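Raw contents of start37.cif, mmCIF, C-alpha atoms:
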data_entry
loop_
_atom_site.label_atom_id
_atom_site.label_comp_id
_atom_site.auth_asym_id
_atom_site.auth_seq_id
_atom_site.Cartn_x
_atom_site.Cartn_y
_atom_site.Cartn_z
CA MET S 1 27.22 -199.77 -109.35
CA ILE S 2 25.42 -196.89 -107.64
CA ASN S 3 24.90 -195.26 -111.01
CA LEU S 4 23.31 -198.40 -112.37
CA VAL S 5 20.88 -198.50 -109.44
CA ASN S 6 19.94 -194.83 -109.98
CA LEU S 7 19.36 -195.40 -113.68
CA ARG S 8 17.14 -198.32 -112.94
CA LYS S 9 15.18 -196.21 -110.43
CA ILE S 10 14.63 -193.54 -113.00
CA ARG S 11 13.53 -196.09 -115.56
CA TYR S 12 11.00 -197.52 -113.12
CA PHE S 13 9.80 -194.04 -112.21
CA VAL S 14 9.28 -193.06 -115.82
CA ARG S 15 7.59 -196.36 -116.64
CA ASP S 16 5.23 -196.13 -113.67
CA TYR S 17 4.36 -192.43 -113.86
CA TRP S 18 4.73 -191.45 -117.49
CA PRO S 19 1.12 -190.16 -117.77
CA THR S 20 1.68 -187.88 -114.76
CA LEU S 21 5.00 -186.72 -116.09
CA LEU S 22 3.47 -186.10 -119.50
CA THR S 23 0.72 -184.03 -117.87
CA LEU S 24 3.27 -181.94 -115.97
CA LEU S 25 5.39 -181.50 -119.08
CA SER S 26 2.39 -180.44 -121.17
CA LEU S 27 1.33 -178.05 -118.42
CA GLY S 28 4.80 -176.52 -118.37
CA ILE S 29 4.88 -176.13 -122.14
CA VAL S 30 1.43 -174.51 -122.18
CA ILE S 31 2.48 -172.09 -119.40
CA LEU S 32 5.61 -171.18 -121.34
CA LEU S 33 3.52 -170.64 -124.47
CA ILE S 34 1.11 -168.44 -122.52
CA MET S 35 3.98 -166.36 -121.16
CA ALA S 36 5.55 -165.94 -124.59
CA SER S 37 2.25 -165.11 -126.30
CA TYR S 38 1.27 -162.70 -123.52
CA LYS S 39 4.60 -160.92 -123.94
CA THR S 40 3.94 -160.60 -127.68
CA TYR S 41 0.40 -159.43 -126.96
CA LYS S 42 1.61 -156.74 -124.55
CA GLU S 43 4.21 -155.53 -127.04
CA SER S 44 1.58 -155.34 -129.78
CA GLN S 45 -0.80 -153.58 -127.41
CA ASN S 46 1.90 -151.01 -126.55
CA ASP S 47 2.58 -150.49 -130.26
CA LEU S 48 -1.14 -150.01 -130.78
CA ASP S 49 -1.39 -147.47 -127.95
CA VAL S 50 1.58 -145.47 -129.24
CA LEU S 51 0.29 -145.63 -132.80
CA SER S 52 -3.25 -144.67 -131.74
CA GLU S 53 -1.88 -141.60 -129.97
CA GLU S 54 0.27 -140.69 -132.99
CA VAL S 55 -2.64 -141.10 -135.41
CA LYS S 56 -4.88 -139.08 -133.10
CA LEU S 57 -2.35 -136.23 -133.04
CA LEU S 58 -1.81 -136.42 -136.80
CA LYS S 59 -5.56 -136.43 -137.40
CA ASN S 60 -6.03 -133.39 -135.14
CA ARG S 61 -3.17 -131.65 -136.92
CA SER S 62 -4.57 -132.47 -140.34
CA ASP S 63 -8.13 -131.50 -139.34
CA THR S 64 -6.90 -128.22 -137.82
CA LEU S 65 -4.97 -127.41 -141.00
CA GLN S 66 -7.98 -128.16 -143.19
CA TYR S 67 -10.17 -126.00 -140.94
CA ASN S 68 -7.62 -123.15 -141.02
CA LYS S 69 -7.35 -123.50 -144.80
CA THR S 70 -11.11 -123.17 -145.18
CA LEU S 71 -11.30 -120.32 -142.69
CA THR S 72 -8.57 -118.18 -144.22
CA GLU S 73 -9.66 -118.87 -147.81
CA ASP S 74 -6.02 -118.91 -148.92
CA GLN S 75 -5.53 -115.39 -147.57
CA ILE S 76 -3.08 -116.43 -144.87
CA VAL S 77 -0.04 -115.33 -146.90
CA VAL S 78 -1.54 -111.85 -147.18
CA TYR S 79 -2.30 -111.79 -143.46
CA ASN S 80 1.26 -112.85 -142.67
CA LYS S 81 2.62 -110.05 -144.86
CA ILE S 82 0.43 -107.57 -142.98
CA LEU S 83 1.62 -108.91 -139.65
CA THR S 84 5.26 -108.81 -140.76
CA THR S 85 4.81 -105.20 -141.86
CA LEU S 86 3.18 -104.27 -138.57
CA ILE S 87 5.79 -106.04 -136.46
CA PRO S 88 8.95 -106.55 -138.54
CA GLU S 89 11.53 -109.15 -137.62
CA THR S 90 14.18 -106.44 -137.14
CA GLU S 91 13.73 -102.73 -136.55
CA ASP S 92 13.47 -100.63 -139.66
CA TYR S 93 13.85 -96.89 -138.98
CA PHE S 94 12.77 -95.91 -142.46
CA SER S 95 9.39 -97.57 -141.97
CA ILE S 96 8.95 -95.65 -138.69
CA ILE S 97 9.46 -92.32 -140.44
CA TYR S 98 7.26 -93.45 -143.31
CA ALA S 99 4.52 -94.52 -140.86
CA LEU S 100 4.56 -91.15 -139.09
CA GLU S 101 4.42 -89.30 -142.41
CA THR S 102 1.54 -91.47 -143.61
CA ILE S 103 -0.47 -90.97 -140.43
CA SER S 104 0.14 -87.24 -140.59
CA GLN S 105 -1.02 -87.07 -144.21
CA ASN S 106 -4.06 -89.28 -143.66
CA THR S 107 -5.35 -87.50 -140.58
CA GLY S 108 -4.33 -83.88 -141.02
CA PHE S 109 -2.71 -83.94 -137.61
CA SER S 110 0.75 -82.64 -138.41
CA ILE S 111 3.64 -84.13 -136.54
CA VAL S 112 6.08 -81.29 -136.08
CA SER S 113 8.85 -83.08 -134.21
CA TYR S 114 9.81 -86.42 -132.86
CA THR S 115 12.51 -87.56 -130.51
CA ILE S 116 13.58 -91.05 -129.66
CA ASN S 117 13.05 -91.78 -126.01
CA LEU S 118 16.32 -93.51 -125.18
CA SER S 119 15.24 -94.34 -121.65
CA ASN S 120 12.41 -96.49 -122.94
CA ILE S 121 14.12 -98.63 -125.57
CA SER S 122 14.28 -102.38 -125.46
CA ARG S 123 15.20 -105.02 -128.01
CA GLU S 124 11.62 -105.26 -129.20
CA LYS S 125 10.25 -101.80 -128.44
CA LEU S 126 11.27 -98.37 -129.62
CA SER S 127 9.63 -95.40 -127.98
CA ILE S 128 9.30 -92.05 -129.74
CA ASN S 129 7.90 -88.84 -128.30
CA ILE S 130 6.10 -86.77 -130.91
CA GLU S 131 4.72 -83.29 -130.84
CA GLY S 132 1.82 -82.50 -133.08
CA ARG S 133 -0.52 -79.76 -134.16
CA GLY S 134 -4.11 -80.00 -135.20
CA ASN S 135 -7.62 -79.12 -134.24
CA PRO S 136 -9.74 -81.53 -132.18
CA ASP S 137 -11.15 -83.16 -135.32
CA ASP S 138 -7.66 -83.81 -136.72
CA PHE S 139 -6.62 -85.10 -133.34
CA LYS S 140 -9.63 -87.39 -133.22
CA ARG S 141 -8.75 -88.76 -136.66
CA PHE S 142 -5.18 -89.24 -135.49
CA LEU S 143 -6.37 -91.18 -132.45
CA ASP S 144 -8.53 -93.37 -134.63
CA ALA S 145 -5.80 -94.08 -137.14
CA TYR S 146 -2.39 -94.13 -135.45
CA LYS S 147 -2.50 -97.77 -134.43
CA PHE S 148 -2.39 -99.39 -137.87
CA SER S 149 -2.77 -96.90 -140.71
CA GLY S 150 0.95 -96.10 -140.88
CA GLY S 151 1.68 -99.68 -141.76
CA ARG S 152 3.41 -100.30 -138.42
CA LEU S 153 1.84 -101.33 -135.14
CA ILE S 154 1.93 -98.21 -132.97
CA THR S 155 0.76 -97.98 -129.41
CA SER S 156 0.63 -95.00 -127.17
CA GLU S 157 1.13 -95.32 -123.45
CA ARG S 158 0.57 -91.64 -122.65
CA ILE S 159 -1.11 -88.78 -124.44
CA GLU S 160 -1.23 -85.14 -123.44
CA PHE S 161 -3.63 -83.10 -125.52
CA SER S 162 -4.22 -79.41 -125.28
CA GLY S 163 -7.71 -78.71 -126.51
CA VAL S 164 -7.39 -74.92 -126.50
CA ASN S 165 -4.39 -73.89 -128.55
CA PHE S 166 -3.95 -77.23 -130.39
CA THR S 167 -0.18 -76.88 -130.31
CA ASN S 168 0.97 -78.67 -127.22
CA THR S 169 -0.08 -82.16 -127.99
CA ARG S 170 2.56 -84.61 -126.92
CA VAL S 171 2.19 -88.28 -127.59
CA SER S 172 4.52 -91.10 -126.68
CA LEU S 173 4.44 -93.72 -129.44
CA ASN S 174 5.86 -97.23 -129.35
CA PHE S 175 7.05 -99.22 -132.36
CA TYR S 176 7.70 -102.93 -132.15
CA SER S 177 9.90 -105.47 -133.86
CA LYS S 178 10.43 -109.08 -132.92
CA LYS S 179 11.78 -112.18 -134.51
CA PHE S 180 9.32 -115.02 -134.78
CA THR S 181 10.39 -118.34 -133.33
CA PHE S 182 8.64 -121.68 -133.67
CA ASN S 183 7.90 -122.78 -130.16
CA GLU S 184 4.55 -124.53 -130.23
CA SER S 185 4.42 -128.24 -130.96
CA VAL S 186 0.70 -128.23 -131.68
CA VAL S 187 -0.70 -126.60 -134.80
CA PRO S 188 -2.75 -123.65 -133.56
CA GLN S 189 -6.39 -123.52 -134.56
CA LEU S 190 -7.45 -120.16 -135.92
CA THR S 191 -10.78 -118.65 -135.02
CA LYS S 192 -13.22 -116.46 -136.89
CA GLY S 193 -12.27 -113.68 -134.46
CA ASP S 194 -8.60 -113.92 -135.53
CA ILE S 195 -9.54 -113.56 -139.18
CA ALA S 196 -12.05 -110.77 -138.49
CA LYS S 197 -9.35 -108.80 -136.67
CA LEU S 198 -6.89 -109.18 -139.55
CA GLU S 199 -9.58 -108.23 -142.08
CA GLU S 200 -10.27 -105.11 -140.00
CA ILE S 201 -6.56 -104.23 -139.95
CA LYS S 202 -6.29 -104.98 -143.68
CA LYS S 203 -8.94 -102.34 -144.38
CA LYS S 204 -7.00 -99.76 -142.38
CA ILE S 205 -3.59 -100.16 -143.98
CA LYS S 206 -2.42 -99.78 -147.52
CA ILE S 207 0.23 -102.30 -148.38
CA SER S 208 1.11 -103.28 -151.90
CA PHE S 209 1.76 -106.96 -152.28
CA LYS S 210 3.95 -107.42 -155.29
CA ASP S 211 4.40 -110.93 -156.58
CA GLU S 212 7.99 -111.62 -155.69
CA SER S 213 8.31 -114.30 -158.34
CA THR S 214 7.55 -111.81 -161.13
CA PRO S 215 10.83 -110.83 -162.76
CA THR S 216 11.46 -107.10 -162.68
CA GLU S 217 12.47 -105.28 -165.80
CA GLU S 218 15.96 -103.88 -165.92
CA GLU S 219 15.72 -100.15 -165.58
CA TYR S 220 19.06 -99.39 -167.17
CA GLU S 221 21.38 -100.96 -169.69
CA VAL S 222 24.09 -103.16 -168.26
CA LYS S 223 27.46 -103.24 -170.03
CA ASP S 224 29.92 -106.04 -169.55
CA ASN S 225 32.86 -103.94 -170.73
CA PRO S 226 33.14 -100.58 -168.95
CA PHE S 227 35.24 -99.11 -171.82
CA MET D 228 9.17 -220.90 -123.08
CA LYS D 229 7.56 -221.18 -119.66
CA LYS D 230 5.07 -218.64 -118.51
CA ARG D 231 4.94 -217.76 -114.84
CA LEU D 232 2.26 -215.99 -112.98
CA ASN D 233 3.26 -213.50 -110.35
CA LEU D 234 1.03 -214.06 -107.36
CA PHE D 235 2.46 -211.19 -105.31
CA ASN D 236 1.03 -207.68 -105.45
CA ARG D 237 3.06 -205.43 -107.63
CA LYS D 238 5.43 -203.65 -105.38
CA LYS D 239 4.73 -199.95 -105.09
CA ARG D 240 7.76 -197.83 -105.77
CA PHE D 241 8.21 -194.10 -105.07
CA ASP D 242 5.49 -193.99 -102.44
CA PHE D 243 6.09 -190.29 -101.83
CA PHE D 244 5.01 -189.51 -105.40
CA SER D 245 2.33 -192.10 -105.94
CA ALA D 246 0.07 -190.36 -103.42
CA TYR D 247 -0.08 -187.23 -105.62
CA ALA D 248 0.21 -188.77 -109.06
CA ASN D 249 -3.49 -189.24 -109.67
CA LYS D 250 -4.32 -185.74 -108.40
CA VAL D 251 -1.60 -184.26 -110.57
CA LYS D 252 -2.98 -186.09 -113.58
CA ARG D 253 -6.57 -185.05 -112.89
CA TYR D 254 -6.01 -181.41 -111.97
CA GLY D 255 -3.14 -181.07 -114.43
CA SER D 256 -5.42 -182.08 -117.28
CA VAL D 257 -8.06 -179.60 -116.18
CA PHE D 258 -5.54 -176.78 -115.81
CA GLY D 259 -3.87 -177.83 -119.04
CA VAL D 260 -7.13 -177.43 -120.93
CA ILE D 261 -7.82 -174.05 -119.23
CA PHE D 262 -4.28 -172.81 -119.96
CA PHE D 263 -4.51 -173.99 -123.54
CA LEU D 264 -7.79 -172.10 -124.00
CA LEU D 265 -6.15 -169.05 -122.43
CA PHE D 266 -3.25 -169.41 -124.85
CA VAL D 267 -5.65 -169.58 -127.81
CA PHE D 268 -7.50 -166.51 -126.47
CA ILE D 269 -4.24 -164.53 -126.17
CA ILE D 270 -3.21 -165.55 -129.70
CA ILE D 271 -6.57 -164.38 -131.08
CA GLN D 272 -6.24 -161.10 -129.21
CA THR D 273 -2.69 -160.62 -130.50
CA ILE D 274 -3.83 -161.24 -134.08
CA SER D 275 -6.66 -158.73 -133.60
CA VAL D 276 -4.28 -156.10 -132.13
CA ARG D 277 -1.79 -156.63 -134.96
CA GLY D 278 -4.61 -156.14 -137.43
CA GLN D 279 -5.47 -152.83 -135.76
CA VAL D 280 -1.78 -151.84 -135.79
CA GLN D 281 -1.67 -152.46 -139.54
CA THR D 282 -4.82 -150.39 -140.11
CA LEU D 283 -3.45 -147.56 -137.99
CA THR D 284 -0.08 -147.69 -139.76
CA LYS D 285 -1.88 -147.17 -143.08
CA LYS D 286 -3.85 -144.26 -141.56
CA LYS D 287 -0.64 -142.76 -140.20
CA GLN D 288 0.98 -142.89 -143.63
CA LEU D 289 -2.11 -141.27 -145.13
CA TYR D 290 -2.09 -138.40 -142.62
CA LEU D 291 1.66 -137.93 -143.02
CA ALA D 292 1.21 -137.64 -146.77
CA LEU D 293 -1.56 -135.07 -146.22
CA LEU D 294 0.60 -133.11 -143.80
CA ILE D 295 3.55 -133.10 -146.18
CA ASN D 296 1.25 -131.65 -148.82
CA ASP D 297 0.05 -128.98 -146.39
CA LYS D 298 3.42 -128.13 -144.83
CA ASP D 299 3.33 -124.59 -146.25
CA ILE D 300 -0.08 -123.98 -144.72
CA GLU D 301 1.18 -125.34 -141.42
CA ALA D 302 4.21 -123.04 -141.45
CA ASN D 303 2.03 -120.08 -142.40
CA THR D 304 -0.48 -120.89 -139.67
CA ARG D 305 2.23 -121.11 -137.03
CA TYR D 306 3.74 -117.85 -138.21
CA PHE D 307 0.32 -116.19 -138.25
CA LYS D 308 -0.50 -117.29 -134.72
CA GLY D 309 2.95 -116.34 -133.42
CA LYS D 310 2.81 -112.87 -134.91
CA GLN D 311 -0.79 -112.41 -133.85
CA THR D 312 0.15 -113.31 -130.28
CA GLN D 313 2.87 -110.64 -130.45
CA LEU D 314 0.32 -108.16 -131.81
CA LEU D 315 -2.18 -108.86 -129.03
CA LYS D 316 0.55 -108.61 -126.40
CA TYR D 317 1.85 -105.26 -127.68
CA GLU D 318 -1.64 -103.84 -128.12
CA LYS D 319 -2.02 -103.98 -124.35
CA ASP D 320 0.52 -101.14 -124.11
CA ASP D 321 -1.94 -98.83 -125.81
CA ALA D 322 -3.79 -96.21 -123.80
CA ARG D 323 -6.83 -96.45 -126.14
CA PHE D 324 -7.29 -92.75 -125.73
CA LEU D 325 -10.08 -92.17 -128.26
CA PRO D 326 -13.08 -93.77 -126.49
CA TYR D 327 -12.22 -92.03 -123.22
CA TYR D 328 -11.59 -88.73 -124.95
CA SER D 329 -14.90 -89.05 -126.81
CA VAL D 330 -16.77 -89.86 -123.60
CA LEU D 331 -15.34 -86.78 -121.91
CA VAL D 332 -15.95 -84.44 -124.84
CA SER D 333 -19.58 -85.54 -125.21
CA ALA D 334 -20.11 -85.24 -121.44
CA LEU D 335 -18.72 -81.70 -121.48
CA SER D 336 -20.86 -80.59 -124.39
CA SER D 337 -24.01 -81.88 -122.73
CA SER D 338 -23.22 -80.30 -119.34
CA SER D 339 -22.53 -76.64 -119.97
CA GLN D 340 -22.22 -74.38 -123.02
CA SER D 341 -19.21 -72.53 -121.66
CA ALA D 342 -17.22 -75.61 -120.69
CA THR D 343 -14.17 -76.30 -122.84
CA LEU D 344 -11.61 -79.01 -122.43
CA ASP D 345 -8.35 -77.21 -121.81
CA SER D 346 -6.11 -80.22 -121.64
CA ILE D 347 -6.21 -83.89 -120.99
CA GLU D 348 -3.64 -86.48 -120.10
CA ILE D 349 -4.30 -90.18 -120.04
CA ASP D 350 -2.11 -93.23 -119.69
CA LYS D 351 -2.51 -96.91 -120.44
CA ASN D 352 -3.87 -97.62 -116.94
CA ARG D 353 -6.77 -95.24 -117.80
CA ASP D 354 -5.49 -92.80 -115.17
CA ALA D 355 -6.51 -89.38 -116.42
CA THR D 356 -5.98 -85.76 -115.52
CA PHE D 357 -8.05 -83.15 -117.30
CA ILE D 358 -8.65 -79.44 -116.99
CA VAL D 359 -11.96 -77.87 -117.89
CA LYS D 360 -12.15 -74.15 -118.51
CA PHE D 361 -15.17 -71.84 -118.08
CA ARG D 362 -15.84 -68.29 -119.11
CA ASP D 363 -18.44 -67.66 -116.45
CA TYR D 364 -19.21 -68.68 -112.92
CA ASN D 365 -22.68 -70.04 -113.69
CA GLY D 366 -21.29 -72.34 -116.34
CA MET D 367 -18.85 -73.71 -113.80
CA VAL D 368 -21.55 -74.28 -111.18
CA GLN D 369 -23.72 -75.98 -113.78
CA PHE D 370 -20.83 -78.24 -114.70
CA LEU D 371 -20.07 -79.06 -111.06
CA LYS D 372 -23.66 -80.20 -110.64
CA TYR D 373 -23.33 -82.35 -113.72
CA VAL D 374 -20.04 -83.82 -112.45
CA GLU D 375 -21.82 -85.10 -109.36
CA SER D 376 -24.54 -86.76 -111.39
CA GLU D 377 -24.55 -90.53 -111.88
CA GLU D 378 -24.59 -90.08 -115.63
CA PHE D 379 -21.11 -88.53 -115.52
CA LEU D 380 -19.68 -90.57 -112.67
CA ASP D 381 -20.66 -93.80 -114.41
CA ASN D 382 -17.70 -93.26 -116.73
CA PHE D 383 -15.17 -93.34 -113.91
CA GLU D 384 -13.85 -95.78 -111.38
CA ALA D 385 -12.58 -92.86 -109.33
CA LEU D 386 -12.74 -89.11 -109.79
CA SER D 387 -11.74 -86.20 -107.63
CA MET D 388 -11.33 -82.50 -108.17
CA ALA D 389 -7.66 -81.65 -107.75
CA SER D 390 -7.79 -77.88 -107.99
CA LEU D 391 -9.94 -74.86 -108.71
CA ASN D 392 -8.22 -71.92 -110.29
CA LEU D 393 -9.50 -68.48 -111.06
CA SER D 394 -7.43 -66.35 -113.41
CA ARG D 395 -8.02 -63.00 -115.04
CA GLU D 396 -6.64 -62.38 -118.49
CA SER D 397 -6.72 -59.10 -120.41
CA SER D 398 -8.26 -59.05 -123.82
CA GLY D 399 -8.86 -56.51 -126.55
CA THR D 400 -7.07 -53.17 -126.88
CA LYS D 401 -5.53 -51.19 -124.13
CA VAL D 402 -8.37 -48.76 -124.43
CA GLN D 403 -10.92 -51.40 -123.74
CA SER D 404 -8.73 -53.07 -121.07
CA ALA D 405 -11.48 -55.48 -120.34
CA LEU D 406 -10.72 -58.27 -117.97
CA ASN D 407 -12.00 -61.77 -118.67
CA LYS D 408 -12.33 -64.25 -115.85
CA ASN D 409 -11.27 -67.80 -116.41
CA TYR D 410 -12.33 -70.61 -114.14
CA GLN D 411 -10.33 -73.78 -114.37
CA LEU D 412 -11.20 -77.03 -112.73
CA GLN D 413 -8.66 -79.79 -112.64
CA PHE D 414 -9.85 -83.35 -112.17
CA LYS D 415 -7.93 -86.52 -111.51
CA GLY D 416 -9.33 -89.98 -111.74
CA ARG D 417 -9.51 -93.27 -113.52
CA PHE D 418 -11.88 -94.15 -116.34
CA LYS D 419 -13.90 -97.33 -116.30
CA GLU D 420 -12.71 -99.73 -118.95
CA ILE D 421 -14.54 -99.38 -122.25
CA ASN D 422 -14.43 -102.60 -124.20
CA ASP D 423 -15.85 -101.51 -127.52
CA GLN D 424 -13.82 -98.88 -129.22
CA PRO D 425 -16.03 -96.49 -131.15
CA SER D 426 -14.93 -95.92 -134.71
#

Represent the structure from my file as structure tokens, please.
Amino acid sequence: MINLVNLRKIRYFVRDYWPTLLTLLSLGIVILLIMASYKTYKESQNDLDVLSEEVKLLKNRSDTLQYNKTLTEDQIVVYNKILTTLIPETEDYFSIIYALETISQNTGFSIVSYTINLSNISREKLSINIEGRGNPDDFKRFLDAYKFSGGRLITSERIEFSGVNFTNTRVSLNFYSKKFTFNESVVPQLTKGDIAKLEEIKKKIKISFKDESTPTEEEYEVKDNPF
Amino acid sequence: MKKRLNLFNRKKRFDFFSAYANKVKRYGSVFGVIFFLLFVFIIIQTISVRGQVQTLTKKKQLYLALLINDKDIEANTRYFKGKQTQLLKYEKDDARFLPYYSVLVSALSSSSQSATLDSIEIDKNRDATFIVKFRDYNGMVQFLKYVESEEFLDNFEALSMASLNLSRESSGTKVQSALNKNYQLQFKGRFKEINDQPS
């Protein structure tokens, strides 16, 4: 009985106020639509922001690469070979001896002895004390050339030169080797100064760049059967 | 069928609601229209943003394709920069002896004829010790005057004379037994940094 009364009340309420109820219902639906569309809009906007940032980075990367390509005029492989020769990935004692011999020949400053300074060795630096002979002009040529002309990067932290008897010149030379690791996320932009420096070094060192893809001729006959 | 006319006022039901019903209808319609316009505006904006997303996606694919083509150049550039950074770092260990040596030699030659550089020691901090030798007293005095001049001192951050040494060394045959005097001045100091290395 009570249920019947309630139903009737609801019927009357709907019949009397249906325009108001319709207004409220429409308002509710529109609000829900706004919320849903705003959510979609925000998601799209976030996608756009992320994508804009990505495209910006990619564009910078691409532009930087194009600029570097133009700047190096396809010489970057040669520059990298020079840099690898100057600072090898692992220490190569033969190239140290070869570098000292080359410098000695090129400058006339004869290196009479060298000793490895064990107290000053690290993973990336090898220190060698050399003793040399030569007149001041030879010594001057040596000073001008030692850094790159041997084909290895050589630095000297201390030099003792005797200008009178030309025999007691002692120089401490450092050789370097270090493995290269990729650690930068951004593509570095090269400058004209970078290229000018490498061009300057390139003039000072003599490195032959053989095309590694060229097959080498066999220097001796190979037999399958040793008998 | 009989028709009857109801002479009583229609009974108002739900009085609590009837007071607001008209207001709800009026303001609800207004807000409804505003909200609907807002909804349309958001939809238009969303369509516009999605259009931009599509354009950017195409651009992204284009740049990715370009970068894949240039991946060797990228690897070479990174390697170049990495190795060059190592080179620049290690170069700082170098004493850069030549410009300082040249400065000193040219200063000596312009100061006194008898001045000779006996020895020189320099390290990467530009700290230097050098000994200048003279055959005669006048040459030494002339050099000492030159040392105090601004022209010479301009090359140094600091310079002091560490010692003055007079030695006699025999020369020639026993018959001659001539004695030569040697004046040695030892200096200690620090060179001013020279940025441009002379070739």

Item to check | Residue neighbourhood region 288-304 of chain D, 9 Å, only C-alpha atoms, exclusion window fewer than 6 positions, as a VMD selection string | outcome: chain S and resid 55 58 to 59 61 to 62 65 to 66 68 to 69 74 76 to 77 80 187 to 190

Item to check | Residue list for chain S near chain D as a PyMOL selection string, 6 Å, only C-alpha atoms | outcome: chain S and resi 20+23+27+34+41+48+55+80+143+155-164

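Distances here use all atoms listed in the file; by that measure, the residue among D:Thr282, D:Ser394, D:Ser337, D:Gln411 closest to Tyr373 (chain D) is D:Ser337.
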
Checklist outcome for this item: Between CA of Arg152 (chain S) and CA of Ile116 (chain S) lies a distance of 16.3 Å

Checklist entry - Interatomic distance between CA of Thr40 (chain S) and CA of Leu25 (chain S)? => result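 Between CA of Thr40 (chain S) and CA of Leu25 (chain S) the gap is 22.6 Å.
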
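Restricting the calculation to only C-alpha atoms, the smallest distance between Ser95 (chain S) and any of S:Asn117, S:Ser44, S:Glu73, S:Gly151 is found for S:Gly151.
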
Checklist entry - Just how far from CA of Gly416 (chain D) is CA of Ala385 (chain D), in Å to one decimal? => result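 Taking CA of Ala385 (chain D) as the start and CA of Gly416 (chain D) as the end point, the length is 5.0 Å.
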
Mind filling out region 296-311 of chain D with N, CA and C atoms and sending it as a PDB file, in the frame of the given file?
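Below is the file that was written, out_6.pdb:
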ATOM      1  N   ASN D 296       1.863-132.515-147.800  1.00  0.00           N
ATOM      2  CA  ASN D 296       1.250-131.650-148.820  1.00  0.00           C
ATOM      3  C   ASN D 296       0.928-130.265-148.277  1.00  0.00           C
ATOM      4  N   ASP D 297       0.511-130.244-146.987  1.00  0.00           N
ATOM      5  CA  ASP D 297       0.050-128.980-146.390  1.00  0.00           C
ATOM      6  C   ASP D 297       1.119-128.315-145.522  1.00  0.00           C
ATOM      7  N   LYS D 298       2.387-128.655-145.747  1.00  0.00           N
ATOM      8  CA  LYS D 298       3.420-128.130-144.830  1.00  0.00           C
ATOM      9  C   LYS D 298       3.554-126.611-144.925  1.00  0.00           C
ATOM     10  N   ASP D 299       3.269-126.057-146.102  1.00  0.00           N
ATOM     11  CA  ASP D 299       3.330-124.590-146.250  1.00  0.00           C
ATOM     12  C   ASP D 299       2.232-123.930-145.429  1.00  0.00           C
ATOM     13  N   ILE D 300       1.049-124.536-145.494  1.00  0.00           N
ATOM     14  CA  ILE D 300      -0.080-123.980-144.720  1.00  0.00           C
ATOM     15  C   ILE D 300       0.236-124.062-143.231  1.00  0.00           C
ATOM     16  N   GLU D 301       0.838-125.180-142.834  1.00  0.00           N
ATOM     17  CA  GLU D 301       1.180-125.340-141.420  1.00  0.00           C
ATOM     18  C   GLU D 301       2.167-124.261-140.980  1.00  0.00           C
ATOM     19  N   ALA D 302       3.205-124.059-141.793  1.00  0.00           N
ATOM     20  CA  ALA D 302       4.210-123.040-141.450  1.00  0.00           C
ATOM     21  C   ALA D 302       3.572-121.656-141.407  1.00  0.00           C
ATOM     22  N   ASN D 303       2.694-121.383-142.368  1.00  0.00           N
ATOM     23  CA  ASN D 303       2.030-120.080-142.400  1.00  0.00           C
ATOM     24  C   ASN D 303       1.115-119.891-141.196  1.00  0.00           C
ATOM     25  N   THR D 304       0.421-120.977-140.825  1.00  0.00           N
ATOM     26  CA  THR D 304      -0.480-120.890-139.670  1.00  0.00           C
ATOM     27  C   THR D 304       0.301-120.617-138.387  1.00  0.00           C
ATOM     28  N   ARG D 305       1.408-121.325-138.235  1.00  0.00           N
ATOM     29  CA  ARG D 305       2.230-121.110-137.030  1.00  0.00           C
ATOM     30  C   ARG D 305       2.764-119.678-136.990  1.00  0.00           C
ATOM     31  N   TYR D 306       3.211-119.208-138.141  1.00  0.00           N
ATOM     32  CA  TYR D 306       3.740-117.850-138.210  1.00  0.00           C
ATOM     33  C   TYR D 306       2.642-116.837-137.881  1.00  0.00           C
ATOM     34  N   PHE D 307       1.468-117.073-138.471  1.00  0.00           N
ATOM     35  CA  PHE D 307       0.320-116.190-138.250  1.00  0.00           C
ATOM     36  C   PHE D 307       0.004-116.097-136.761  1.00  0.00           C
ATOM     37  N   LYS D 308      -0.104-117.272-136.135  1.00  0.00           N
ATOM     38  CA  LYS D 308      -0.500-117.290-134.720  1.00  0.00           C
ATOM     39  C   LYS D 308       0.581-116.643-133.854  1.00  0.00           C
ATOM     40  N   GLY D 309       1.846-116.929-134.188  1.00  0.00           N
ATOM     41  CA  GLY D 309       2.950-116.340-133.420  1.00  0.00           C
ATOM     42  C   GLY D 309       2.945-114.830-133.512  1.00  0.00           C
ATOM     43  N   LYS D 310       2.803-114.324-134.720  1.00  0.00           N
ATOM     44  CA  LYS D 310       2.810-112.870-134.910  1.00  0.00           C
ATOM     45  C   LYS D 310       1.567-112.236-134.294  1.00  0.00           C
ATOM     46  N   GLN D 311       0.444-112.954-134.410  1.00  0.00           N
ATOM     47  CA  GLN D 311      -0.790-112.410-133.850  1.00  0.00           C
ATOM     48  C   GLN D 311      -0.707-112.337-132.317  1.00  0.00           C
TER      49      GLN D 311
END
